[in-house]
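Raw target01.txt, compact mmCIF, C-alpha atoms:
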# COMPACT_ATOMS: atom_id res chain seq x y z
CA MET M 17 -25.06 21.98 90.58
CA ALA M 18 -22.38 23.92 88.74
CA ARG M 19 -20.41 20.72 88.12
CA THR M 20 -23.51 19.02 86.70
CA GLY M 21 -24.10 21.88 84.26
CA HIS M 22 -20.46 21.80 83.22
CA SER M 23 -20.64 18.03 82.60
CA VAL M 24 -23.76 18.43 80.47
CA PHE M 25 -22.04 21.10 78.40
CA LEU M 26 -19.02 18.88 77.84
CA LEU M 27 -21.22 15.97 76.79
CA PHE M 28 -23.05 18.26 74.35
CA LEU M 29 -19.78 19.53 72.92
CA VAL M 30 -18.40 16.02 72.41
CA ALA M 31 -21.63 14.87 70.77
CA SER M 32 -21.57 17.85 68.44
CA ILE M 33 -17.97 17.17 67.42
CA LEU M 34 -18.77 13.50 66.77
CA ALA M 35 -21.81 14.47 64.72
CA LEU M 36 -19.80 16.89 62.60
CA ALA M 37 -17.08 14.28 62.15
CA SER M 38 -19.63 11.81 60.84
CA LEU M 39 -20.85 14.21 58.10
CA PRO M 40 -19.36 13.65 54.60
CA ASN M 41 -16.65 16.07 53.57
CA PRO M 42 -17.80 18.62 50.98
CA VAL M 43 -16.85 17.43 47.46
CA GLU M 44 -14.31 19.63 45.74
CA PRO M 45 -15.23 20.43 42.12
CA LEU M 46 -13.28 18.28 39.67
CA THR M 47 -12.87 20.90 36.94
CA GLY M 48 -10.41 23.75 37.33
CA VAL M 49 -12.10 27.09 38.04
CA THR M 50 -10.52 28.88 35.07
CA ASP M 51 -11.61 26.08 32.73
CA VAL M 52 -15.20 26.41 33.94
CA GLN M 53 -15.00 30.17 33.37
CA ALA M 54 -13.82 29.57 29.81
CA LEU M 55 -16.60 27.09 29.03
CA ARG M 56 -19.20 29.45 30.45
CA ALA M 57 -17.82 32.34 28.37
CA ILE M 58 -17.87 30.21 25.20
CA LYS M 59 -21.55 29.42 25.68
CA GLU M 60 -22.47 32.98 26.65
CA SER M 61 -20.79 34.32 23.48
CA ILE M 62 -23.26 32.41 21.30
CA ASP M 63 -26.67 33.73 20.28
CA PRO M 64 -29.01 31.62 22.48
CA VAL M 65 -31.50 31.39 19.61
CA THR M 66 -28.99 29.14 17.79
CA ILE M 67 -28.55 26.80 20.78
CA THR M 68 -31.30 24.31 20.02
CA PRO M 69 -32.46 21.57 22.43
CA THR M 70 -30.68 18.88 20.41
CA SER M 71 -27.35 20.71 20.25
CA PHE M 72 -24.22 20.02 22.27
CA LEU M 73 -24.15 23.50 23.83
CA TYR M 74 -27.67 23.04 25.17
CA SER M 75 -26.30 20.25 27.36
CA TRP M 76 -23.76 22.57 29.00
CA ASP M 77 -25.44 22.89 32.41
CA PHE M 78 -23.27 24.82 34.84
CA ASN M 79 -25.22 23.53 37.84
CA VAL M 80 -23.08 20.41 37.51
CA ASP M 81 -19.35 19.96 37.18
CA PRO M 82 -18.25 19.85 33.51
CA CYS M 83 -15.84 16.98 34.09
CA ASP M 84 -18.07 15.05 36.50
CA SER M 85 -21.39 14.85 34.71
CA SER M 86 -23.38 12.28 32.81
CA GLY M 87 -25.29 13.49 29.76
CA SER M 88 -24.07 17.05 30.19
CA PHE M 89 -21.29 18.98 28.47
CA LEU M 90 -21.43 17.04 25.22
CA GLY M 91 -18.38 17.76 23.09
CA VAL M 92 -16.11 18.25 26.10
CA LEU M 93 -13.36 15.84 27.13
CA CYS M 94 -11.36 16.14 30.34
CA SER M 95 -8.19 14.79 31.86
CA PHE M 96 -8.39 12.95 35.20
CA PRO M 97 -5.09 13.27 37.10
CA LEU M 98 -4.11 10.46 39.46
CA ASP M 99 -3.22 12.96 42.16
CA ASN M 100 -5.69 15.38 43.76
CA SER M 101 -5.22 18.15 41.18
CA SER M 102 -8.16 19.50 39.21
CA SER M 103 -9.38 17.94 35.99
CA ARG M 104 -8.64 19.99 32.89
CA VAL M 105 -10.51 20.35 29.63
CA ILE M 106 -8.41 18.73 26.91
CA ALA M 107 -10.82 18.70 23.94
CA ILE M 108 -13.77 20.68 22.63
CA GLY M 109 -15.57 19.27 19.61
CA LEU M 110 -18.82 21.08 18.90
CA ASP M 111 -21.49 19.73 16.61
CA ASP M 112 -22.40 21.57 13.40
CA ALA M 113 -25.57 23.11 14.86
CA GLY M 114 -25.03 26.52 13.26
CA TYR M 115 -23.95 28.30 16.44
CA ASP M 116 -23.80 32.03 15.73
CA GLY M 117 -21.47 34.16 17.84
CA PHE M 118 -17.88 34.90 18.76
CA LEU M 119 -15.07 32.81 20.17
CA SER M 120 -14.47 34.24 23.64
CA PRO M 121 -10.92 35.38 24.49
CA LEU M 122 -11.26 33.24 27.63
CA ILE M 123 -10.54 30.29 25.35
CA GLY M 124 -6.97 31.08 26.40
CA ASN M 125 -7.78 29.75 29.89
CA LEU M 126 -7.87 26.20 28.53
CA THR M 127 -4.12 25.77 28.68
CA GLU M 128 -4.31 21.98 28.51
CA LEU M 129 -6.55 21.95 25.41
CA VAL M 130 -5.35 19.47 22.79
CA THR M 131 -8.22 19.66 20.26
CA LEU M 132 -10.46 22.58 19.30
CA ASP M 133 -13.05 21.67 16.65
CA LEU M 134 -15.69 24.29 15.77
CA THR M 135 -16.26 23.11 12.19
CA ARG M 136 -19.38 24.10 10.22
CA ASN M 137 -20.87 26.80 12.43
CA LYS M 138 -21.17 30.59 12.31
CA PHE M 139 -18.41 31.80 14.59
CA ARG M 140 -17.52 35.30 13.48
CA GLY M 141 -15.03 38.03 14.27
CA PRO M 142 -11.30 37.57 14.72
CA LEU M 143 -9.56 34.52 16.12
CA PRO M 144 -8.57 35.67 19.64
CA GLU M 145 -4.89 36.41 20.29
CA SER M 146 -5.34 34.47 23.53
CA ILE M 147 -4.93 31.24 21.58
CA ILE M 148 -1.23 31.88 22.23
CA ASN M 149 -1.84 30.21 25.60
CA LEU M 150 -2.99 26.93 24.05
CA ARG M 151 0.51 25.49 24.00
CA GLN M 152 -0.73 21.86 24.12
CA LEU M 153 -2.98 22.25 21.08
CA THR M 154 -2.45 19.68 18.31
CA LYS M 155 -5.65 20.20 16.28
CA LEU M 156 -7.20 23.55 15.37
CA LEU M 157 -10.26 22.83 13.22
CA ILE M 158 -12.38 25.92 12.55
CA SER M 159 -13.35 25.51 8.90
CA GLU M 160 -16.68 26.61 7.45
CA ASN M 161 -17.30 29.50 9.82
CA LEU M 162 -17.34 33.29 9.42
CA PHE M 163 -14.05 34.24 11.08
CA THR M 164 -12.54 37.50 9.82
CA GLY M 165 -9.34 39.50 10.21
CA GLN M 166 -5.80 38.25 9.91
CA ILE M 167 -4.53 34.86 10.97
CA PRO M 168 -2.94 35.91 14.28
CA ASP M 169 0.82 35.54 14.67
CA ALA M 170 -0.04 33.83 17.96
CA ILE M 171 -0.69 30.67 15.97
CA THR M 172 3.06 30.38 15.34
CA LYS M 173 3.58 29.82 19.08
CA LEU M 174 1.57 26.60 19.07
CA LYS M 175 4.60 24.38 18.54
CA LEU M 176 2.72 21.09 19.01
CA LEU M 177 0.14 21.88 16.32
CA GLN M 178 -0.26 18.98 13.89
CA GLU M 179 -3.41 19.92 12.00
CA ALA M 180 -4.70 23.40 11.21
CA ASP M 181 -7.83 23.76 9.10
CA LEU M 182 -8.95 27.38 8.72
CA SER M 183 -10.64 26.92 5.35
CA TYR M 184 -13.93 28.46 4.22
CA ASN M 185 -13.77 31.56 6.40
CA HIS M 186 -13.08 35.22 5.62
CA PHE M 187 -9.49 35.51 6.85
CA SER M 188 -7.53 38.24 5.08
CA GLY M 189 -3.98 39.55 5.09
CA SER M 190 -0.93 37.39 4.56
CA VAL M 191 0.00 33.93 5.74
CA PRO M 192 2.14 34.43 8.88
CA ALA M 193 5.78 34.51 7.80
CA LYS M 194 6.89 32.41 10.77
CA ILE M 195 4.38 29.63 10.22
CA ALA M 196 7.25 27.41 9.11
CA VAL M 197 8.39 27.14 12.74
CA LEU M 198 5.47 24.78 13.40
CA ARG M 199 7.59 21.69 12.72
CA SER M 200 4.89 19.28 13.91
CA LEU M 201 2.36 20.36 11.26
CA ASN M 202 1.05 17.52 9.13
CA ARG M 203 -1.93 19.27 7.49
CA LEU M 204 -2.27 22.99 6.74
CA ILE M 205 -5.58 23.92 5.09
CA LEU M 206 -6.12 27.62 4.37
CA SER M 207 -8.33 27.41 1.27
CA ASN M 208 -11.35 29.56 0.44
CA ASN M 209 -10.43 32.69 2.34
CA ALA M 210 -9.30 36.16 1.22
CA LEU M 211 -5.60 35.74 1.98
CA SER M 212 -3.19 37.81 -0.08
CA GLY M 213 0.51 38.48 -0.43
CA ARG M 214 3.29 36.00 -1.08
CA LEU M 215 3.30 32.51 0.33
CA PRO M 216 6.33 32.23 2.64
CA ASP M 217 9.04 29.61 2.39
CA LEU M 218 7.47 26.49 3.88
CA SER M 219 10.33 24.06 3.34
CA GLY M 220 10.95 23.89 7.11
CA LEU M 221 7.62 22.11 7.63
CA TRP M 222 9.29 18.79 6.99
CA GLN M 223 6.38 16.70 8.32
CA LEU M 224 3.72 18.46 6.23
CA SER M 225 1.87 16.03 3.96
CA ALA M 226 -1.08 18.20 2.87
CA LEU M 227 -1.08 21.89 1.92
CA ASP M 228 -4.19 23.58 0.56
CA VAL M 229 -4.09 27.33 -0.13
CA SER M 230 -6.53 27.25 -3.05
CA SER M 231 -9.14 29.96 -3.67
CA ASN M 232 -7.34 32.94 -2.17
CA ASN M 233 -5.55 35.98 -3.63
CA LEU M 234 -1.97 34.80 -3.13
CA TYR M 235 0.57 35.94 -5.70
CA GLY M 236 4.23 35.74 -6.62
CA ASN M 237 6.38 32.73 -7.38
CA ILE M 238 5.75 29.30 -5.92
CA PRO M 239 8.05 29.18 -2.87
CA ARG M 240 10.21 26.35 -1.58
CA LEU M 241 7.94 23.60 -0.32
CA PRO M 242 8.26 20.65 2.07
CA LEU M 243 9.66 17.54 0.43
CA ASN M 244 7.19 15.19 2.15
CA LEU M 245 4.09 16.77 0.63
CA LYS M 246 1.56 14.29 -0.76
CA THR M 247 -1.23 16.76 -1.57
CA LEU M 248 -0.56 20.25 -2.92
CA LEU M 249 -3.56 22.40 -3.85
CA MET M 250 -2.81 25.96 -5.02
CA SER M 251 -5.58 26.60 -7.55
CA HIS M 252 -7.55 29.84 -7.98
CA ASN M 253 -4.83 32.28 -6.94
CA VAL M 254 -2.49 34.64 -8.81
CA PHE M 255 0.76 32.67 -8.63
CA SER M 256 3.14 33.46 -11.48
CA GLY M 257 6.53 32.36 -12.75
CA HIS M 258 7.49 28.74 -13.35
CA VAL M 259 6.21 25.50 -11.89
CA SER M 260 9.78 24.23 -11.37
CA PRO M 261 9.78 24.29 -7.51
CA VAL M 262 7.30 21.42 -7.63
CA LYS M 263 9.65 19.05 -9.47
CA HIS M 264 11.43 18.11 -6.25
CA LEU M 265 8.30 16.80 -4.52
CA GLN M 266 8.74 13.11 -5.23
CA LYS M 267 6.04 11.98 -2.77
CA LEU M 268 3.24 14.04 -4.30
CA LEU M 269 0.03 12.18 -5.11
CA VAL M 270 -2.17 15.14 -6.09
CA LEU M 271 -1.00 18.43 -7.60
CA ASP M 272 -3.41 21.21 -8.56
CA VAL M 273 -2.01 24.59 -9.62
CA SER M 274 -4.91 25.44 -11.95
CA ASP M 275 -6.28 28.93 -12.51
CA ASN M 276 -3.14 30.94 -11.84
CA ARG M 277 -0.69 32.85 -14.05
CA LEU M 278 2.07 30.29 -14.29
CA SER M 279 4.00 30.29 -17.54
CA GLY M 280 6.81 28.65 -19.47
CA ARG M 281 6.95 24.88 -19.97
CA VAL M 282 5.21 22.07 -18.17
CA LEU M 283 8.40 20.26 -17.23
CA GLN M 284 9.09 16.59 -17.79
CA GLN M 285 10.17 16.37 -14.13
CA VAL M 286 6.65 17.45 -13.14
CA LEU M 287 4.85 15.21 -15.62
CA THR M 288 6.83 12.22 -14.42
CA LEU M 289 6.79 12.73 -10.67
CA SER M 290 6.84 9.10 -9.67
CA SER M 291 3.89 9.12 -7.24
CA VAL M 292 1.54 11.69 -8.76
CA VAL M 293 -1.89 10.31 -9.67
CA ARG M 294 -3.70 13.55 -10.53
CA LEU M 295 -2.06 16.60 -12.14
CA ASN M 296 -3.98 19.77 -12.94
CA VAL M 297 -2.13 22.68 -14.59
CA SER M 298 -5.17 24.07 -16.43
CA ARG M 299 -6.10 27.75 -16.86
CA ASN M 300 -2.57 29.12 -16.78
CA HIS M 301 -0.21 30.61 -19.39
CA PHE M 302 1.92 27.56 -20.20
CA THR M 303 3.17 27.56 -23.79
CA ALA M 304 4.73 24.11 -24.10
CA MET M 305 4.77 20.65 -22.60
CA ASP M 306 8.05 18.79 -22.41
CA PRO M 307 8.32 15.48 -24.23
CA ILE M 308 8.85 12.53 -21.90
CA ASP M 309 11.97 10.42 -22.11
CA PHE M 310 10.61 7.11 -20.87
CA PRO M 311 13.63 4.84 -20.30
CA GLY M 312 13.86 4.13 -16.58
CA ILE M 313 10.81 6.29 -15.74
CA GLU M 314 7.84 4.74 -13.95
CA THR M 315 4.82 6.93 -13.31
CA HIS M 316 1.39 6.48 -11.71
CA LEU M 317 -0.26 9.45 -13.43
CA GLN M 318 -3.94 8.75 -14.14
CA SER M 319 -5.36 12.21 -14.87
CA LEU M 320 -3.68 15.12 -16.68
CA ASP M 321 -5.58 18.38 -17.16
CA ALA M 322 -3.83 21.14 -19.11
CA ASN M 323 -6.85 22.81 -20.68
CA ASP M 324 -7.09 26.56 -21.28
CA ASN M 325 -3.41 27.39 -21.59
CA GLN M 326 -1.39 28.66 -24.55
CA LEU M 327 0.12 25.34 -25.58
CA ARG M 328 1.40 25.35 -29.15
CA GLY M 329 2.87 22.79 -31.51
CA HIS M 330 1.77 19.20 -32.03
CA LEU M 331 0.06 16.92 -29.55
CA PRO M 332 2.72 15.29 -27.34
CA VAL M 333 2.97 11.73 -28.66
CA THR M 334 4.82 10.61 -25.54
CA LEU M 335 1.72 11.10 -23.39
CA ALA M 336 0.42 7.89 -24.96
CA GLY M 337 3.30 6.12 -23.27
CA LEU M 338 1.99 6.89 -19.77
CA GLU M 339 0.69 3.44 -18.94
CA ASN M 340 -1.71 4.43 -16.14
CA LEU M 341 -3.19 7.51 -17.81
CA THR M 342 -6.99 7.31 -18.13
CA ALA M 343 -8.02 10.98 -18.51
CA LEU M 344 -6.40 13.63 -20.72
CA ASP M 345 -7.64 17.19 -21.26
CA LEU M 346 -5.68 19.44 -23.63
CA SER M 347 -8.68 21.47 -24.78
CA HIS M 348 -8.74 25.25 -25.32
CA ASN M 349 -5.14 25.62 -26.48
CA TYR M 350 -3.39 26.37 -29.79
CA LEU M 351 -2.32 22.84 -30.64
CA SER M 352 -2.04 21.93 -34.34
CA GLY M 353 -1.13 19.03 -36.59
CA SER M 354 -2.85 15.66 -36.70
CA ILE M 355 -3.99 13.45 -33.86
CA PRO M 356 -1.28 10.79 -33.42
CA LYS M 357 -2.24 7.22 -34.18
CA GLU M 358 -0.88 6.37 -30.72
CA TYR M 359 -3.81 8.30 -29.24
CA GLY M 360 -6.25 6.16 -31.16
CA ALA M 361 -4.66 3.00 -29.80
CA LYS M 362 -5.43 4.17 -26.27
CA VAL M 363 -9.20 4.52 -26.73
CA GLY M 364 -10.89 2.59 -23.93
CA LYS M 365 -7.63 0.87 -23.01
CA PRO M 366 -7.01 2.61 -20.70
CA TRP M 367 -8.12 6.09 -21.86
CA LYS M 368 -11.68 6.82 -20.69
CA TYR M 369 -11.69 10.62 -21.11
CA LEU M 370 -10.12 12.58 -23.96
CA TYR M 371 -10.78 16.31 -24.48
CA LEU M 372 -8.95 17.91 -27.42
CA ASN M 373 -11.65 20.39 -28.39
CA ASP M 374 -11.02 24.08 -29.17
CA ASN M 375 -7.60 23.68 -30.73
CA PHE M 376 -6.44 23.80 -34.36
CA LEU M 377 -5.92 20.11 -35.00
CA GLN M 378 -6.06 18.97 -38.64
CA GLY M 379 -6.45 15.88 -40.79
CA ASN M 380 -8.25 12.60 -40.39
CA LEU M 381 -9.09 10.90 -37.13
CA PRO M 382 -7.37 7.70 -36.05
CA PRO M 383 -9.93 4.98 -36.86
CA GLN M 384 -10.44 4.03 -33.19
CA LEU M 385 -11.59 7.58 -32.40
CA ALA M 386 -13.88 7.69 -35.41
CA ALA M 387 -15.54 4.46 -34.31
CA ALA M 388 -15.56 5.15 -30.56
CA GLY M 389 -18.91 4.76 -28.83
CA GLY M 390 -20.06 6.30 -25.56
CA GLY M 391 -19.07 3.25 -23.55
CA GLU M 392 -15.46 3.35 -24.69
CA ILE M 393 -14.45 6.95 -24.20
CA ARG M 394 -15.95 10.31 -23.28
CA GLY M 395 -14.70 13.64 -24.50
CA SER M 396 -14.76 16.06 -27.42
CA LEU M 397 -12.89 16.88 -30.61
CA ALA M 398 -15.14 19.81 -31.52
CA ASN M 399 -13.95 23.23 -32.70
CA ASN M 400 -10.81 22.07 -34.47
CA CYS M 401 -9.90 21.90 -38.16
CA LEU M 402 -10.36 18.14 -38.43
CA ARG M 403 -12.07 16.05 -41.08
CA CYS M 404 -14.61 15.01 -38.53
CA SER M 405 -18.17 14.17 -39.52
CA SER M 406 -20.88 15.45 -37.21
CA ASN M 407 -22.31 11.95 -36.94
CA ILE M 408 -19.19 10.90 -35.06
CA ARG M 409 -20.03 11.30 -31.38
CA LEU M 410 -16.72 12.94 -30.38
CA CYS M 411 -17.18 15.52 -33.15
CA HIS M 412 -20.57 16.78 -31.97
CA GLY M 413 -20.51 20.56 -31.99
CA GLY M 414 -18.82 20.85 -35.39
CA GLN M 415 -15.46 22.19 -36.48
CA ARG M 416 -14.08 25.67 -36.96
CA PRO M 417 -14.92 27.53 -40.17
CA HIS M 418 -12.44 26.86 -42.97
CA ALA M 419 -11.47 30.54 -43.12
CA VAL M 420 -10.51 30.55 -39.42
CA CYS M 421 -8.34 27.46 -39.87
CA THR M 422 -6.63 28.92 -42.94
CA ALA M 423 -5.94 32.23 -41.19
CA GLN M 424 -4.43 30.45 -38.20
CA ARG M 425 -2.13 28.34 -40.41
CA ARG M 426 -0.84 31.52 -42.02
CA ARG M 427 0.04 32.95 -38.61
CA TRP M 428 2.19 29.89 -37.95

I'd like the structure from this file rewritten - as structure tokens, please.
Amino acid sequence: MARTGHSVFLLFLVASILALASLPNPVEPLTGVTDVQALRAIKESIDPVTITPTSFLYSWDFNVDPCDSSGSFLGVLCSFPLDNSSSRVIAIGLDDAGYDGFLSPLIGNLTELVTLDLTRNKFRGPLPESIINLRQLTKLLISENLFTGQIPDAITKLKLLQEADLSYNHFSGSVPAKIAVLRSLNRLILSNNALSGRLPDLSGLWQLSALDVSSNNLYGNIPRLPLNLKTLLMSHNVFSGHVSPVKHLQKLLVLDVSDNRLSGRVLQQVLTLSSVVRLNVSRNHFTAMDPIDFPGIETHLQSLDANDNQLRGHLPVTLAGLENLTALDLSHNYLSGSIPKEYGAKVGKPWKYLYLNDNFLQGNLPPQLAAAGGGEIRGSLANNCLRCSSNIRLCHGGQRPHAVCTAQRRRW
């Protein structure tokens, strides 16, 4: 009887083992635990009222695996290793749903993150120092948020960074002095913040093609800049000194240094940068514009804006020799003398915009300007000392009183 009981027990044991063996193995989560913690913290740091049913964050359901879900975790991309290692989050690109909250320091857990895009939301507070751990990051796109505080020095450790857009926030303090160590940077956009201090030497950023530091409180001289720049935007700051550091940037397409305190001459080397299409030096303290020596010089300049400076002397005749120029604004200066006949020859071919108002120009108009209709050229010659009838469209607004013109001539 004992043997029978023992046999039954053995049979039961074997059957149980076979039954357990036939059960599917429990599925290991695909996403690394620390990555899941980071994603959860990001969502929990946002005011839930701003997570609407149509937003990406609403789809972040932590009852499923972030890297193994369909229709969940919108805005999240993962890597899928060929071995048995965990999947890692490599990109976060949130929609512009107006998320209001803070960027959790646990963002530093995402050590394989390549792209972080939080553009057009309401993230506030400082950028966490833990971003120092994001050593694989190539794109940091956090424009149009409410970030405050200084740009952390930790950003200078992200050696693979190619694009950094921190514009339209409330960052203050100086631009990190060591930012030039980020040799992979192609675009650096810091505009519309409250940055102050001097802009550091950026010449080491040899791959940089676009630099925008406009609308800040930066001051001092224009520093050495990368030679491969194609777009340079420095307007609405307090830069002073000369514009000469720009003359070496032969690949520039767009240059805007308007609304600063730059002075001296607008150099021929700047006016004739071979690739520049748009040049804006307005609202500075420039006193002269170099004449252009054309032999051997080919330019692509289409728009030149030098309004609201302290330019004196006669209108530069050589500007009429810029073959591609279509828009010229020299208004609000102290220019005198007559309008060159060469300017008249450019009306409508190719000049489409000509603003010479608020100077002290004298004499008769070139006949092409006197006869110009609205379809040929737009602009203004008002507030000068010209013989310019009010029925001429470009002269609408009248001229300066005779006494003002006479007094100004005596000063000269």

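Within the 7 Å cut-off around region 181-184 of chain M, using only C-alpha atoms and omitting residues fewer than 2 positions from it on the same chain, the listed residues are Leu156, Leu157, Ile158, Ser159, Glu160, Asn161, Glu179, His186, Leu204, Ile205, Leu206, Ser207, Asn208 and Asn209 of chain M.
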
- [ ] Please indicate the distance in Å from CA of Ile58 (chain M) to CA of Pro121 (chain M), rounded to one decimal place.
- [x]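 Computing it gives 8.7 Å between the two atoms.
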
- [ ] Record the distance separating CA of Pro192 (chain M) and CA of Ser212 (chain M), expressed in Å with one decimal.
- [x] 11.0 Å

Task: Between CA of Ser274 (chain M) and CA of Gln178 (chain M) - distance in Å to one decimal - done: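 Here the two named atoms are 27.0 Å from each other.
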
- [ ] Give the answer as one residue: which of M:Asn232, M:Gln378, M:Asn276, M:Ser219 has the shortest atom-to-atom distance to His264 (chain M), using all atoms listed in the file?
- [x]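 The answer is M:Ser219, which sits nearest to His264 (chain M).
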
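Nearest to Phe139 (chain M) of all the residues M:Ala196, M:Leu176, M:Ile62, M:Ile238 is M:Ile62, counting all atoms listed in the file.
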
TODO: Fewer than 5 positions away in the same chain doesn't count, so skip those; otherwise give me all residues within 12 Å of Phe118 (chain M), counting only C-alpha atoms, as number ranges by chain.
DONE: M: 57-63, 123, 134, 137-144, 161-164

- [ ] Find, counting all atoms listed in the file, the residue in M:His316, M:Asn237, M:Leu90, M:Arg299 that gets nearest to Lys267 (chain M).
- [x]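 Result for the nearest residue to Lys267 (chain M): M:His316.
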
Wanna dump the region 360-406 of chain M-region 328-336 of chain M contacts at 9 Å for me, each residue with its shortest atom pair and the distance in Å to one decimal, counting only C-alpha atoms, ordered by chain and number, as a tab-separated table?
residue	atom	partner	partner_atom	distance
M:Ala361	CA	M:Ala336	CA	8.6
M:Lys362	CA	M:Ala336	CA	7.1
M:Leu377	CA	M:His330	CA	8.3
